[in-house]
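Contents: one structure, followed by commentary.
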Amino acid sequence: MCIFDPPPARELVVIRSVWSDNLESEFELIKSLIDGFPIISIDTEFPGIVVRPTSPRGGQYVGTGDATTHYRSLKANVDLLRLIQLGLTLSDGDGNLPDLGAENQFIWEFNFKDFDVANDVHAHDSVELLSRQGIDFEKNREIGIDSVQFAELMMSSGLVLNNAVTWVTFHCAYDFGYLVKCLTGEVYDVKHFMRFCAGLYGGLDRASKALGVKRAIGKSHQAGSDSLLTLDALEVKKRYFGKGDPIEKYANVLYGLEVDSS
């Protein structure tokens, strides 16, 4: 049995609600606190789960499953759905929260505008639950945060890319799935796209020649030159993909790390 000291009393905690108009100032505040409160707890709210794994016989999957099954379901849902809220709690090593020189202690709740309950895919029961718990979807759409702006400020906040920070989560796959989606945007791996292009194979130089793309400057195996050639190799998008087979459905998969969907 684990025996440990309980966390400090939490009677005077205030949630700092973050919207588009105070997003920058709140991130500036968080940035000033990270050194003293480097333990970060995260939670997200999202519009449920709409894609569920199926059993080998075609029915709904029942059971714990394996990592591949769970990853496939996680990725499908995170790719399809939009983040609604993200909560952050900062603490020091003793569990104390920042008080900002006041009697209260503070935590943060970021409200996003991306999700449109009238038009976006969602799980009805999950959205109903969030509504009963006080989330105002109309308010989020009107004055909520653009996730792109959130990501830009998050990257320079000290919350990420900081070895001094420790993250605390509970059942965190979806929490970090949505956070990574915010921070990275879409990823196009041309080598992965080539799997679906007849007659296109090999390394960057061979594929580029097959696409009729010339190296503009430098030599192969020099990072700057290869980065430009990789960008130009997106010619594959025009050559092989179109309205009937949009390239976007192959995005966010890295070559060699694909999950076999067969």
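Chain labels A, B, ... are given in the sequence in which chains occur in the structure tokens; within each chain residues are numbered consecutively from 1, and ligands are likewise numbered from 1 in the order shown.
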
### Query
Would you give me, as a PyMOL selection string, the residues in stretch 47-224 of chain A that DSSP reads as strand (DSSP E or B)?
chain A and resi 54+60+85-91+105-112+145+166-168

### Message
At a cut-off of 12 Å, using only C-alpha atoms, what residues contact A:Ile135? Leave out same-chain residues fewer than 2 positions from it and give the result as a list in words.
### Response
Ser17, Glu45, Phe46, Pro47, Ile84, Gln85, Glu109, Phe110, Asn111, Phe112, Lys113, Phe115, Val117, Ser126, Val127, Glu128, Leu129, Leu130, Ser131, Arg132, Gln133, Phe137, Glu138, Lys139, Asn140, Arg141 and Gly144 of chain A

### Task
Compile the contact shell of A:Thr184 as an MDAnalysis selection string: residues with an atom at most 12 Å away, counting only C-alpha atoms, same-chain residues fewer than 2 positions apart removed.
chainID A and resid 147:148 150:152 154:155 176:182 186:188 251:252

Compile a residue-level contact table for stretch 100-198 of chain A against stretch 227-236 of chain A at a cut-off of 9 Å, reporting for every qualifying residue the shortest atom pair and its distance in Å to one decimal, with only C-alpha atoms counted, rows ordered by chain and ascending number, as a tab-separated table.
residue	atom	partner	partner_atom	distance
A:Tyr188	CA	A:Leu234	CA	8.6
A:Val190	CA	A:Leu234	CA	6.8
A:Phe193	CA	A:Val236	CA	7.9
A:Met194	CA	A:Val236	CA	8.0
A:Cys197	CA	A:Val236	CA	8.3

Residues within 10 Å of A:Phe196, only C-alpha atoms, excluding chain neighbours under 3 positions, as a PDB file with N, CA and C atoms, in the first residue's frame:
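Okay, this is what ended up in result_27.pdb:
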ATOM      1  N   LYS A 191       7.400  10.023 -48.955  1.00  0.00           N
ATOM      2  CA  LYS A 191       7.731   8.606 -49.084  1.00  0.00           C
ATOM      3  C   LYS A 191       6.508   7.735 -48.797  1.00  0.00           C
ATOM      4  N   HIS A 192       5.696   8.120 -47.832  1.00  0.00           N
ATOM      5  CA  HIS A 192       4.464   7.368 -47.559  1.00  0.00           C
ATOM      6  C   HIS A 192       3.489   7.502 -48.721  1.00  0.00           C
ATOM      7  N   PHE A 193       3.358   8.718 -49.283  1.00  0.00           N
ATOM      8  CA  PHE A 193       2.457   8.911 -50.422  1.00  0.00           C
ATOM      9  C   PHE A 193       2.824   7.979 -51.580  1.00  0.00           C
ATOM     10  N   GLY A 199       4.399   2.891 -59.991  1.00  0.00           N
ATOM     11  CA  GLY A 199       5.656   3.156 -60.666  1.00  0.00           C
ATOM     12  C   GLY A 199       6.572   4.127 -59.957  1.00  0.00           C
ATOM     13  N   LEU A 200       6.160   4.594 -58.797  1.00  0.00           N
ATOM     14  CA  LEU A 200       6.973   5.561 -58.058  1.00  0.00           C
ATOM     15  C   LEU A 200       7.560   4.867 -56.834  1.00  0.00           C
ATOM     16  N   TYR A 201       8.889   4.797 -56.784  1.00  0.00           N
ATOM     17  CA  TYR A 201       9.547   4.106 -55.673  1.00  0.00           C
ATOM     18  C   TYR A 201      10.968   4.625 -55.546  1.00  0.00           C
ATOM     19  N   TYR A 240      -0.708  12.478 -58.875  1.00  0.00           N
ATOM     20  CA  TYR A 240      -1.343  11.214 -58.520  1.00  0.00           C
ATOM     21  C   TYR A 240      -2.631  11.341 -57.711  1.00  0.00           C
ATOM     22  N   PHE A 241      -2.880  12.501 -57.142  1.00  0.00           N
ATOM     23  CA  PHE A 241      -4.036  12.627 -56.260  1.00  0.00           C
ATOM     24  C   PHE A 241      -4.961  13.726 -56.759  1.00  0.00           C
ATOM     25  N   TYR A 250      -4.130  10.718 -46.624  1.00  0.00           N
ATOM     26  CA  TYR A 250      -2.867  10.025 -46.361  1.00  0.00           C
ATOM     27  C   TYR A 250      -1.929  10.855 -45.481  1.00  0.00           C
TER      28      TYR A 250
END

### Query
Near A:Ile217, within 10 Å and counting only C-alpha atoms, which residues show up once chain neighbours fewer than 3 positions away are dropped, as a list in words?
Lys214, Ser220, Gly224, Ser225, Asp226, Leu228 and Leu229 of chain A

### Task
Would you mind listing what lies within 8 Å of stretch 9-16 of chain A as an NGL selection string, with only C-alpha atoms counted and same-chain residues fewer than 2 positions away left out?
:A and (7 or 18 or 103-109)

### Query
atom CA of A:Gly256 and atom CA of A:Gly203, how far apart in Å?
13.7 Å

#### Entry: Test item, alpha helix (DSSP H) assignment across stretch 64-250 of chain A, answer as a PyMOL selection string
chain A and resi 67-80+124-132+137-143+147-155+173-184+190-193+204-210+223-232+235-240
